[in-house]
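Visitor: Handing over query21.cif, mmCIF, C-alpha atoms.
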data_work
loop_
_atom_site.label_atom_id
_atom_site.label_comp_id
_atom_site.auth_asym_id
_atom_site.auth_seq_id
_atom_site.Cartn_x
_atom_site.Cartn_y
_atom_site.Cartn_z
CA MET A 352 112.63 -83.69 42.22
CA LEU A 353 113.58 -82.96 45.86
CA ASP A 354 110.04 -83.88 46.93
CA SER A 355 110.42 -87.22 45.17
CA LEU A 356 113.75 -87.92 46.90
CA GLN A 357 112.33 -86.94 50.28
CA GLY A 358 109.25 -89.11 49.79
CA TYR A 359 111.48 -92.05 48.93
CA ALA A 360 113.48 -91.62 52.14
CA GLU A 361 110.31 -91.28 54.22
CA GLN A 362 109.15 -94.71 53.01
CA GLY A 363 112.10 -96.25 54.82
CA GLN A 364 113.64 -97.69 51.66
CA VAL A 365 117.33 -98.03 50.87
CA GLU A 366 119.44 -95.04 49.91
CA ILE A 367 120.06 -94.10 46.29
CA ASN A 368 123.38 -95.91 45.88
CA ASN A 369 121.65 -99.23 46.58
CA VAL A 370 118.69 -98.69 44.25
CA GLU A 371 118.53 -101.26 41.45
CA ALA A 372 116.67 -99.08 38.93
CA ILE A 373 115.56 -95.48 38.52
CA LEU A 374 112.84 -93.99 36.35
CA ALA A 375 113.48 -90.31 35.64
CA LEU A 376 111.02 -88.04 33.82
CA GLU A 377 111.94 -84.98 31.78
CA ASP A 378 110.20 -82.66 34.28
CA GLY A 379 112.42 -83.87 37.13
CA ARG A 380 110.11 -86.44 38.75
CA LEU A 381 111.99 -89.53 39.96
CA PHE A 382 110.84 -93.04 40.87
CA TYR A 383 113.08 -95.64 42.52
CA GLY A 384 112.56 -99.37 42.28
CA LYS A 385 113.91 -102.77 41.40
CA SER A 386 115.31 -103.86 38.06
CA ILE A 387 113.33 -106.34 35.98
CA GLY A 388 114.28 -107.73 32.61
CA ALA A 389 117.60 -106.67 31.15
CA SER A 390 120.16 -104.43 32.81
CA GLY A 391 121.08 -101.18 31.13
CA GLU A 392 119.37 -97.98 30.14
CA THR A 393 116.49 -97.06 27.86
CA THR A 394 114.60 -93.90 26.94
CA GLY A 395 111.16 -93.22 25.49
CA GLU A 396 107.78 -91.62 26.01
CA VAL A 397 106.22 -92.79 29.29
CA VAL A 398 102.61 -93.93 28.78
CA PHE A 399 100.14 -96.14 30.64
CA ASN A 400 97.82 -99.02 29.72
CA THR A 401 94.74 -99.78 31.83
CA ALA A 402 94.17 -103.39 30.70
CA MET A 403 94.18 -105.97 33.48
CA THR A 404 95.54 -108.74 31.25
CA GLY A 405 97.29 -108.98 27.91
CA TYR A 406 100.77 -107.80 28.82
CA GLN A 407 102.36 -110.08 26.22
CA GLU A 408 100.17 -108.60 23.48
CA VAL A 409 101.12 -105.13 24.71
CA LEU A 410 104.83 -105.92 24.62
CA THR A 411 104.59 -107.19 21.04
CA ASP A 412 102.29 -104.48 19.66
CA PRO A 413 104.45 -102.37 17.28
CA SER A 414 102.29 -99.33 18.13
CA TYR A 415 104.28 -99.12 21.39
CA ALA A 416 107.62 -98.55 19.65
CA GLY A 417 109.58 -95.78 21.35
CA GLN A 418 107.52 -95.92 24.55
CA LEU A 419 108.07 -96.93 28.18
CA VAL A 420 104.80 -98.69 28.96
CA THR A 421 103.31 -98.58 32.47
CA MET A 422 100.73 -101.23 33.37
CA THR A 423 98.15 -99.84 35.82
CA CYS A 424 97.14 -103.31 37.00
CA PRO A 425 99.35 -103.73 40.10
CA HIS A 426 100.26 -107.42 39.65
CA ILE A 427 101.77 -108.40 36.29
CA GLY A 428 103.31 -111.64 35.02
CA ASN A 429 101.40 -114.31 36.93
CA TYR A 430 100.45 -116.31 33.81
CA GLY A 431 103.86 -116.07 32.16
CA VAL A 432 104.55 -115.90 28.45
CA ASN A 433 103.78 -118.33 25.62
CA ALA A 434 104.47 -118.69 21.92
CA ASP A 435 100.89 -118.09 20.76
CA ASP A 436 100.04 -114.66 22.22
CA THR A 437 102.61 -112.58 20.38
CA GLU A 438 101.18 -109.91 18.08
CA SER A 439 104.22 -109.30 15.87
CA ARG A 440 107.64 -110.69 15.03
CA GLN A 441 109.22 -109.29 18.24
CA PRO A 442 108.58 -107.03 21.25
CA PHE A 443 108.64 -103.33 20.35
CA VAL A 444 108.28 -101.49 23.67
CA ALA A 445 111.27 -99.38 24.67
CA GLY A 446 110.85 -100.28 28.35
CA PHE A 447 108.38 -101.81 30.83
CA ILE A 448 107.08 -100.41 34.14
CA VAL A 449 105.02 -102.37 36.70
CA HIS A 450 104.16 -102.11 40.37
CA GLU A 451 104.83 -105.77 41.12
CA LEU A 452 106.24 -108.47 38.87
CA SER A 453 104.95 -111.92 39.82
CA VAL A 454 107.66 -114.33 40.94
CA VAL A 455 105.31 -117.22 40.21
CA THR A 456 104.28 -118.34 36.73
CA SER A 457 101.11 -120.40 36.84
CA ASN A 458 99.43 -121.29 33.55
CA TRP A 459 99.45 -124.45 31.47
CA ARG A 460 100.21 -122.46 28.29
CA ALA A 461 103.26 -120.70 29.72
CA THR A 462 106.68 -121.51 28.28
CA GLU A 463 108.72 -119.02 30.33
CA SER A 464 108.37 -116.28 32.93
CA LEU A 465 107.77 -112.66 32.00
CA ASP A 466 111.09 -111.66 33.56
CA ALA A 467 112.97 -114.26 31.49
CA TYR A 468 111.16 -113.05 28.37
CA LEU A 469 112.16 -109.44 29.07
CA LYS A 470 115.76 -110.50 29.63
CA ARG A 471 115.84 -112.60 26.46
CA HIS A 472 114.64 -109.65 24.40
CA ARG A 473 116.88 -107.15 26.21
CA ILE A 474 114.00 -105.04 27.48
CA VAL A 475 114.90 -102.86 30.46
CA GLY A 476 112.20 -102.56 33.10
CA ILE A 477 111.44 -101.43 36.63
CA GLU A 478 109.09 -102.66 39.37
CA GLY A 479 108.30 -101.63 42.92
CA ILE A 480 107.34 -98.05 42.14
CA ASP A 481 104.02 -96.35 42.91
CA THR A 482 102.42 -96.73 39.48
CA ARG A 483 99.31 -94.92 40.74
CA ALA A 484 101.38 -91.81 41.44
CA LEU A 485 103.11 -92.13 38.06
CA VAL A 486 99.83 -92.44 36.15
CA ARG A 487 98.30 -89.51 38.00
CA HIS A 488 101.39 -87.43 37.22
CA ILE A 489 101.09 -88.26 33.50
CA ARG A 490 97.38 -87.48 33.49
CA GLU A 491 98.08 -84.07 35.00
CA ARG A 492 101.21 -83.18 33.03
CA GLY A 493 100.66 -85.18 29.85
CA ALA A 494 102.84 -87.90 28.36
CA LEU A 495 106.48 -87.24 29.27
CA ARG A 496 109.79 -88.52 28.01
CA GLY A 497 111.65 -90.68 30.48
CA VAL A 498 114.62 -92.93 31.08
CA ILE A 499 114.89 -96.21 33.01
CA SER A 500 118.42 -96.93 34.19
CA THR A 501 120.04 -99.71 36.19
CA SER A 502 123.50 -98.16 35.90
CA GLN A 503 123.32 -94.37 36.22
CA ARG A 504 122.88 -93.06 39.78
CA GLU A 505 123.04 -89.30 39.20
CA PRO A 506 119.46 -87.94 39.20
CA GLN A 507 120.24 -84.71 37.38
CA GLN A 508 122.04 -86.59 34.62
CA LEU A 509 119.08 -88.94 34.16
CA VAL A 510 116.59 -86.07 34.00
CA ALA A 511 118.79 -84.39 31.37
CA GLN A 512 118.87 -87.64 29.37
CA ALA A 513 115.09 -87.90 29.51
CA ALA A 514 114.70 -84.30 28.34
CA ALA A 515 117.08 -84.96 25.43
CA ALA A 516 115.20 -88.05 24.22
CA PRO A 517 113.47 -87.79 20.82
CA SER A 518 109.94 -86.39 20.90
CA MET A 519 107.04 -88.48 19.66
CA VAL A 520 105.84 -85.43 17.74
CA GLY A 521 107.32 -85.64 14.26
CA ALA A 522 108.47 -89.26 14.69
CA ALA A 523 107.71 -91.34 11.58
CA LEU A 524 108.07 -94.63 13.46
CA ALA A 525 105.77 -96.56 11.13
CA LYS A 526 108.60 -96.55 8.59
CA THR A 527 110.96 -98.17 11.09
CA VAL A 528 108.71 -101.02 12.33
CA THR A 529 107.23 -102.05 8.98
CA CYS A 530 108.15 -105.31 7.24
CA ALA A 531 111.17 -105.23 4.93
CA THR A 532 109.49 -107.10 2.05
CA PRO A 533 105.94 -108.15 1.11
CA TYR A 534 104.61 -111.46 2.43
CA THR A 535 101.40 -113.49 2.32
CA TRP A 536 99.60 -114.23 5.57
CA SER A 537 98.94 -117.93 5.77
CA ALA A 538 98.37 -118.60 9.47
CA THR A 539 95.19 -120.15 10.86
CA PRO A 540 92.28 -117.67 11.04
CA VAL A 541 90.46 -116.85 14.28
CA SER A 542 87.62 -119.15 13.21
CA ASP A 543 87.98 -122.28 11.10
CA ALA A 544 84.38 -121.89 9.95
CA GLY A 545 85.14 -119.10 7.49
CA PRO A 546 83.33 -118.46 4.22
CA VAL A 547 83.67 -121.15 1.57
CA GLY A 548 84.81 -119.97 -1.85
CA THR A 549 87.54 -118.13 -3.67
CA PRO A 550 89.14 -115.79 -1.12
CA TRP A 551 89.22 -112.06 -1.65
CA HIS A 552 92.71 -110.70 -2.13
CA ILE A 553 93.47 -107.87 0.28
CA VAL A 554 96.62 -105.77 0.34
CA ALA A 555 97.43 -104.63 3.88
CA PHE A 556 99.82 -101.76 4.52
CA ASP A 557 102.07 -102.67 7.43
CA PHE A 558 102.48 -99.57 9.60
CA GLY A 559 102.99 -101.89 12.58
CA ILE A 560 100.31 -104.49 11.94
CA LYS A 561 99.14 -106.91 14.63
CA PHE A 562 98.78 -110.61 13.86
CA ASN A 563 95.21 -110.72 15.15
CA ILE A 564 94.17 -108.24 12.46
CA LEU A 565 95.46 -110.69 9.88
CA ARG A 566 93.65 -113.55 11.60
CA ARG A 567 90.39 -111.59 11.54
CA LEU A 568 90.75 -110.71 7.87
CA SER A 569 91.42 -114.38 7.14
CA SER A 570 88.35 -115.43 9.12
CA VAL A 571 86.02 -113.40 6.86
CA GLY A 572 87.46 -114.98 3.71
CA CYS A 573 90.46 -112.85 2.80
CA ARG A 574 93.86 -113.82 1.46
CA VAL A 575 96.18 -111.06 2.66
CA THR A 576 99.34 -109.72 1.08
CA VAL A 577 101.17 -107.54 3.60
CA VAL A 578 103.33 -104.80 2.09
CA PRO A 579 105.84 -102.32 3.55
CA ALA A 580 104.55 -98.90 4.59
CA THR A 581 106.33 -97.11 1.74
CA THR A 582 104.89 -99.26 -1.07
CA THR A 583 103.63 -97.16 -3.98
CA ALA A 584 100.08 -97.19 -5.29
CA GLU A 585 101.39 -98.47 -8.62
CA ASP A 586 102.99 -101.49 -6.97
CA VAL A 587 99.83 -102.25 -5.00
CA LEU A 588 97.59 -102.09 -8.07
CA ARG A 589 99.97 -104.43 -9.87
CA LEU A 590 98.95 -107.07 -7.28
CA ARG A 591 95.31 -106.72 -8.44
CA PRO A 592 93.72 -106.65 -4.95
CA ASP A 593 90.01 -106.66 -4.20
CA GLY A 594 90.44 -104.32 -1.25
CA LEU A 595 92.86 -102.25 0.80
CA PHE A 596 93.61 -102.43 4.52
CA LEU A 597 95.58 -99.82 6.50
CA SER A 598 97.02 -101.04 9.80
CA ASN A 599 97.76 -99.67 13.22
CA GLY A 600 101.24 -98.36 14.00
CA PRO A 601 103.39 -96.09 16.18
CA GLY A 602 104.42 -92.47 16.06
CA ASP A 603 103.10 -89.26 14.58
CA PRO A 604 100.92 -89.55 11.44
CA GLU A 605 101.82 -86.06 10.17
CA PRO A 606 105.28 -87.05 8.78
CA LEU A 607 103.60 -89.76 6.66
CA ALA A 608 102.36 -87.32 4.00
CA ASP A 609 104.12 -89.27 1.25
CA ILE A 610 102.30 -92.46 2.30
CA ALA A 611 98.99 -90.59 2.55
CA ARG A 612 99.31 -89.48 -1.07
CA GLU A 613 99.67 -93.09 -2.24
CA VAL A 614 96.76 -94.15 -0.02
CA ARG A 615 94.52 -91.49 -1.58
CA VAL A 616 95.15 -92.93 -5.05
CA LEU A 617 94.32 -96.44 -3.86
CA ALA A 618 91.32 -95.58 -1.70
CA GLU A 619 89.63 -93.88 -4.63
CA GLN A 620 89.78 -97.21 -6.50
CA LEU A 621 89.45 -99.92 -3.84
CA PRO A 622 87.19 -100.68 -0.86
CA THR A 623 89.29 -99.51 2.10
CA PHE A 624 89.34 -100.21 5.85
CA GLY A 625 91.71 -98.50 8.29
CA ILE A 626 92.50 -99.08 11.96
CA CYS A 627 94.29 -96.71 14.38
CA LEU A 628 97.22 -95.14 12.48
CA GLY A 629 95.50 -96.32 9.29
CA HIS A 630 92.49 -94.23 10.35
CA GLN A 631 94.75 -91.20 10.80
CA VAL A 632 96.53 -91.72 7.48
CA LEU A 633 93.16 -91.92 5.71
CA ALA A 634 92.16 -88.61 7.27
CA LEU A 635 95.37 -87.00 6.06
CA ALA A 636 94.90 -88.54 2.62
CA PHE A 637 91.60 -86.69 2.20
CA GLY A 638 92.78 -83.38 3.60
CA GLY A 639 92.09 -83.86 7.32
CA LYS A 640 94.32 -82.98 10.27
CA THR A 641 95.61 -84.77 13.35
CA PHE A 642 96.81 -83.66 16.78
CA LYS A 643 98.58 -85.14 19.81
CA LEU A 644 96.43 -86.17 22.76
CA LYS A 645 97.51 -85.12 26.25
CA TYR A 646 98.24 -88.66 27.40
CA GLY A 647 96.55 -90.88 24.82
CA HIS A 648 94.12 -93.79 25.01
CA ARG A 649 95.62 -97.15 25.96
CA GLY A 650 93.66 -100.01 27.45
CA ALA A 651 90.82 -102.47 26.90
CA ASN A 652 87.85 -100.65 28.44
CA HIS A 653 87.22 -97.50 26.37
CA PRO A 654 83.53 -96.76 25.57
CA VAL A 655 82.82 -95.73 21.98
CA LYS A 656 79.42 -94.73 20.61
CA HIS A 657 78.38 -95.84 17.13
CA LEU A 658 76.34 -92.86 15.98
CA ALA A 659 74.28 -94.73 13.38
CA THR A 660 72.91 -97.26 15.88
CA GLY A 661 73.33 -95.46 19.19
CA LYS A 662 75.04 -98.56 20.58
CA VAL A 663 78.08 -98.32 22.84
CA GLU A 664 81.06 -100.60 22.24
CA ILE A 665 83.71 -101.32 24.86
CA THR A 666 86.93 -101.16 22.90
CA SER A 667 90.64 -101.85 22.98
CA GLN A 668 92.75 -98.78 22.22
CA ASN A 669 96.37 -97.75 21.81
CA HIS A 670 97.11 -94.35 20.36
CA GLY A 671 98.63 -91.00 21.28
CA PHE A 672 97.34 -88.98 18.32
CA ALA A 673 93.82 -88.35 17.06
CA VAL A 674 91.99 -86.94 14.04
CA ASP A 675 90.64 -83.41 14.40
CA PRO A 676 86.87 -83.60 13.71
CA ASP A 677 86.75 -79.90 12.85
CA GLY A 678 89.29 -80.46 10.08
CA LEU A 679 87.41 -83.25 8.28
CA PRO A 680 86.35 -82.36 4.73
CA ASP A 681 82.63 -82.53 3.90
CA GLU A 682 83.05 -85.81 2.01
CA LEU A 683 83.94 -87.59 5.27
CA GLU A 684 81.29 -88.32 7.90
CA VAL A 685 81.94 -89.00 11.59
CA THR A 686 80.63 -92.45 12.62
CA HIS A 687 82.04 -93.06 16.11
CA ILE A 688 82.95 -90.91 19.12
CA ASN A 689 84.79 -91.63 22.37
CA LEU A 690 82.43 -91.29 25.35
CA ASN A 691 85.25 -90.49 27.78
CA ASP A 692 86.50 -87.33 26.07
CA GLY A 693 84.43 -86.83 22.93
CA THR A 694 87.30 -87.44 20.51
CA LEU A 695 86.71 -88.81 17.03
CA GLU A 696 86.82 -92.61 16.86
CA GLY A 697 85.72 -93.32 13.29
CA PHE A 698 84.55 -91.91 9.99
CA ARG A 699 83.42 -93.04 6.56
CA HIS A 700 83.43 -91.56 3.08
CA ARG A 701 79.97 -90.37 2.02
CA HIS A 702 80.26 -91.73 -1.54
CA LEU A 703 83.11 -94.25 -1.68
CA PRO A 704 83.43 -97.65 0.12
CA ILE A 705 85.90 -96.29 2.67
CA PHE A 706 85.64 -96.43 6.46
CA CYS A 707 87.97 -96.54 9.45
CA VAL A 708 88.12 -96.51 13.24
CA GLN A 709 90.63 -95.21 15.74
CA TYR A 710 90.29 -98.16 18.11
CA HIS A 711 91.21 -101.86 17.71
CA PRO A 712 88.25 -104.07 16.68
CA GLU A 713 90.59 -107.08 16.50
CA ALA A 714 91.28 -106.71 20.27
CA ALA A 715 94.17 -108.94 21.46
CA PRO A 716 93.92 -107.99 24.21
CA GLY A 717 90.42 -106.70 24.83
CA PRO A 718 86.71 -107.21 24.22
CA HIS A 719 85.22 -108.33 20.91
CA ASP A 720 82.36 -105.81 20.75
CA ALA A 721 83.65 -104.32 17.51
CA SER A 722 84.76 -107.45 15.67
CA TYR A 723 81.75 -107.06 13.33
CA LEU A 724 83.70 -104.37 11.48
CA PHE A 725 85.68 -107.04 9.62
CA GLU A 726 82.39 -108.39 8.27
CA THR A 727 81.42 -104.81 7.37
CA PHE A 728 84.61 -104.60 5.31
CA ALA A 729 83.91 -107.95 3.62
CA ALA A 730 80.46 -106.70 2.62
CA LEU A 731 82.09 -103.86 0.66
CA LEU A 732 84.27 -106.21 -1.40
CA PRO A 733 83.25 -107.29 -4.91
CA PRO A 734 81.22 -110.50 -5.45
CA ARG A 735 83.30 -113.66 -5.66
CA SER A 736 82.72 -117.15 -6.95
CA VAL A 737 81.48 -119.53 -4.28
CA GLU A 738 82.68 -123.12 -4.23
CA ALA A 739 80.50 -125.99 -3.09
CA ALA A 740 81.38 -127.19 0.37
CA ALA A 741 82.92 -130.62 0.49
#
Translate the structure described by the file into structure tokens.

Guide:
Amino acid sequence: MLDSLQGYAEQGQVEINNVEAILALEDGRLFYGKSIGASGETTGEVVFNTAMTGYQEVLTDPSYAGQLVTMTCPHIGNYGVNADDTESRQPFVAGFIVHELSVVTSNWRATESLDAYLKRHRIVGIEGIDTRALVRHIRERGALRGVISTSQREPQQLVAQAAAAPSMVGAALAKTVTCATPYTWSATPVSDAGPVGTPWHIVAFDFGIKFNILRRLSSVGCRVTVVPATTTAEDVLRLRPDGLFLSNGPGDPEPLADIAREVRVLAEQLPTFGICLGHQVLALAFGGKTFKLKYGHRGANHPVKHLATGKVEITSQNHGFAVDPDGLPDELEVTHINLNDGTLEGFRHRHLPIFCVQYHPEAAPGPHDASYLFETFAALLPPRSVEAAA
């Protein structure tokens, strides 16, 4: 901590009493900068995202609940914020960290600046810090709890607050971000040229679902009923779905054992597709295990190898936990691996129409290399009556 204070003074910046915002980590590392967004104080797990664009999608991805998100791209906010690029009903990040927030908003789609958006949603943020040093620190030490404050000036107190923040391990956050009641997705699909005919009925568990997942399901001919994370198998079957979808979401999958039991009952009866936390819940449902990654995978440039084809997909990712490949039962077969660190990125059931991936084939933000997986899911669904095109 003293090294951090000394380094700050050596940069010729203002003394601590004039600092607008402070980021304190649980291990004592301090970063001083300028306040962006709302004034106040916020705590969470400090993580980083390597995407160069897509900050609005990041802010509104429920998988970031409970986290202070650092963008590694040094210049953020230049294209503002608009009404169409949100990925959920509201922003879910606990706080936002950037090197430089653009003072200029220049895009025809923009309806407000990023700073105004952060203020409107009461998101506390900080800019002007060395995000390279912060990311390197996290990579060496692992994800750390932190606090961003625009009011507290006592470093030791802030470090103590960061250390006292809830751990991500054991946090069942999917139950806190899920929808309160079931609803039917009726928005425009990604493509208007979808299949003609009676739509398949899919029930999607909302662990923190992104809107672009729903758009993709709609584009391959699905009518989607979204249900809360704690919905029972009995209630799902009463809806008479053709298939089951398990969404992305935040937190630790291990506390979701009750949900995994319901998922097991459903997956043994319905074609099933899982993404991110849904992938982890499926592993738990069939007796697998998960573990916490050192600092997670978050960004839009992660290489994943599809073992069946040998092809490499550049993928969008956002997760801090992973499935242990050594703990997979024999009935589950690994299908994808991460080429950066060798972690498991997908598996399928050897006998049942069940498959899942750890990454985000729907992107938003990110590349579309893996969007074919929604068509793979549609191919597993039962035959349907086809209507003549008008």

Visitor: For A:Phe728, which of A:Gly493, A:Gly479, A:Pro622, A:Pro606 is the closest residue, counting all atoms listed in the file?

Guide: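 Among the listed residues, A:Pro622 lies closest to A:Phe728.
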
Visitor: Which residues would end up in the selection if the PyMOL selection byres ((chain A and resi 732) around 9) were applied here, given that I need the answer as a ChimeraX atom specification?

Guide: /A:551,593-594,621-622,704,728-731,733-735

Visitor: List every protein, DNA or RNA residue with an atom no more than 8 Å from (87.6, -97.0, 27.1) in the file's coordinates, counting only C-alpha atoms, and format the result as a PyMOL selection string.

Guide: chain A and resi 648+650-655+665-668+689-691

Visitor: Which of these residues is nearest to A:Ala721, using only C-alpha atoms: A:Val708, A:Leu644, A:Val475, A:Val520?

Guide: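 Among the listed residues, A:Val708 lies closest to A:Ala721.
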
Visitor: Apply the PyMOL selection byres ((chain A and resi 432) around 8) to the structure shown and report the selected residues as a PDB file with C-alpha atoms, in the coordinates of the input.

Guide:
ATOM      1  CA  GLN A 407     102.360-110.080  26.220  1.00  0.00           C
ATOM      2  CA  GLY A 428     103.310-111.640  35.020  1.00  0.00           C
ATOM      3  CA  TYR A 430     100.450-116.310  33.810  1.00  0.00           C
ATOM      4  CA  GLY A 431     103.860-116.070  32.160  1.00  0.00           C
ATOM      5  CA  ASN A 433     103.780-118.330  25.620  1.00  0.00           C
ATOM      6  CA  ALA A 434     104.470-118.690  21.920  1.00  0.00           C
ATOM      7  CA  ASP A 436     100.040-114.660  22.220  1.00  0.00           C
ATOM      8  CA  ARG A 460     100.210-122.460  28.290  1.00  0.00           C
ATOM      9  CA  ALA A 461     103.260-120.700  29.720  1.00  0.00           C
ATOM     10  CA  THR A 462     106.680-121.510  28.280  1.00  0.00           C
ATOM     11  CA  GLU A 463     108.720-119.020  30.330  1.00  0.00           C
ATOM     12  CA  SER A 464     108.370-116.280  32.930  1.00  0.00           C
ATOM     13  CA  LEU A 465     107.770-112.660  32.000  1.00  0.00           C
ATOM     14  CA  TYR A 468     111.160-113.050  28.370  1.00  0.00           C
TER      15      TYR A 468
END

Visitor: Carefully work through the PyMOL selection byres ((chain A and resi 628) around 9) for this structure and note down the residues it includes, as a ChimeraX atom specification.

Guide: /A:414,525,558-559,597-604,625-627,629-633,670,672-673,709

Visitor: Could you model all heavy atoms for stretch 611-618 of chain A and present them as a short mmCIF file (atom, residue, chain, number, x, y, z; two decimals), in the coordinates of the input?

Guide:
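To be explicit, this is the file written out as rebuild10.cif:
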data_model
loop_
_atom_site.label_atom_id
_atom_site.label_comp_id
_atom_site.auth_asym_id
_atom_site.auth_seq_id
_atom_site.Cartn_x
_atom_site.Cartn_y
_atom_site.Cartn_z
N ALA A 611 100.38 -91.01 2.69
CA ALA A 611 98.99 -90.59 2.55
C ALA A 611 98.63 -90.30 1.09
O ALA A 611 97.52 -90.59 0.65
CB ALA A 611 98.72 -89.37 3.42
N ARG A 612 99.58 -89.76 0.35
CA ARG A 612 99.31 -89.48 -1.07
C ARG A 612 99.08 -90.76 -1.85
O ARG A 612 98.19 -90.83 -2.70
CB ARG A 612 100.48 -88.69 -1.67
CG ARG A 612 100.52 -87.23 -1.26
CD ARG A 612 101.51 -86.45 -2.10
NE ARG A 612 102.87 -86.88 -1.87
CZ ARG A 612 103.68 -86.35 -0.94
NH1 ARG A 612 103.23 -85.38 -0.16
NH2 ARG A 612 104.91 -86.78 -0.80
N GLU A 613 99.85 -91.80 -1.57
CA GLU A 613 99.67 -93.09 -2.24
C GLU A 613 98.34 -93.72 -1.82
O GLU A 613 97.63 -94.32 -2.63
CB GLU A 613 100.83 -94.03 -1.91
CG GLU A 613 102.21 -93.50 -2.28
CD GLU A 613 102.38 -93.29 -3.78
OE1 GLU A 613 101.83 -94.10 -4.56
OE2 GLU A 613 103.05 -92.31 -4.17
N VAL A 614 98.01 -93.60 -0.54
CA VAL A 614 96.76 -94.15 -0.02
C VAL A 614 95.57 -93.49 -0.69
O VAL A 614 94.57 -94.16 -1.01
CB VAL A 614 96.71 -93.99 1.51
CG1 VAL A 614 95.29 -94.21 2.04
CG2 VAL A 614 97.68 -94.95 2.19
N ARG A 615 95.63 -92.19 -0.93
CA ARG A 615 94.52 -91.49 -1.58
C ARG A 615 94.24 -92.09 -2.96
O ARG A 615 93.09 -92.34 -3.34
CB ARG A 615 94.85 -90.00 -1.70
CG ARG A 615 93.84 -89.15 -2.48
CD ARG A 615 92.51 -89.03 -1.73
NE ARG A 615 91.54 -88.21 -2.46
CZ ARG A 615 91.31 -86.92 -2.22
NH1 ARG A 615 92.00 -86.28 -1.27
NH2 ARG A 615 90.39 -86.27 -2.89
N VAL A 616 95.30 -92.35 -3.71
CA VAL A 616 95.15 -92.93 -5.05
C VAL A 616 94.47 -94.29 -4.97
O VAL A 616 93.56 -94.60 -5.75
CB VAL A 616 96.53 -93.06 -5.74
CG1 VAL A 616 96.40 -93.82 -7.06
CG2 VAL A 616 97.14 -91.69 -5.98
N LEU A 617 94.86 -95.10 -3.99
CA LEU A 617 94.32 -96.44 -3.86
C LEU A 617 92.89 -96.43 -3.33
O LEU A 617 92.02 -97.18 -3.80
CB LEU A 617 95.21 -97.27 -2.93
CG LEU A 617 96.61 -97.59 -3.47
CD1 LEU A 617 97.49 -98.14 -2.37
CD2 LEU A 617 96.51 -98.57 -4.63
N ALA A 618 92.63 -95.60 -2.32
CA ALA A 618 91.32 -95.58 -1.70
C ALA A 618 90.23 -95.11 -2.67
O ALA A 618 89.06 -95.49 -2.52
CB ALA A 618 91.33 -94.68 -0.46
#
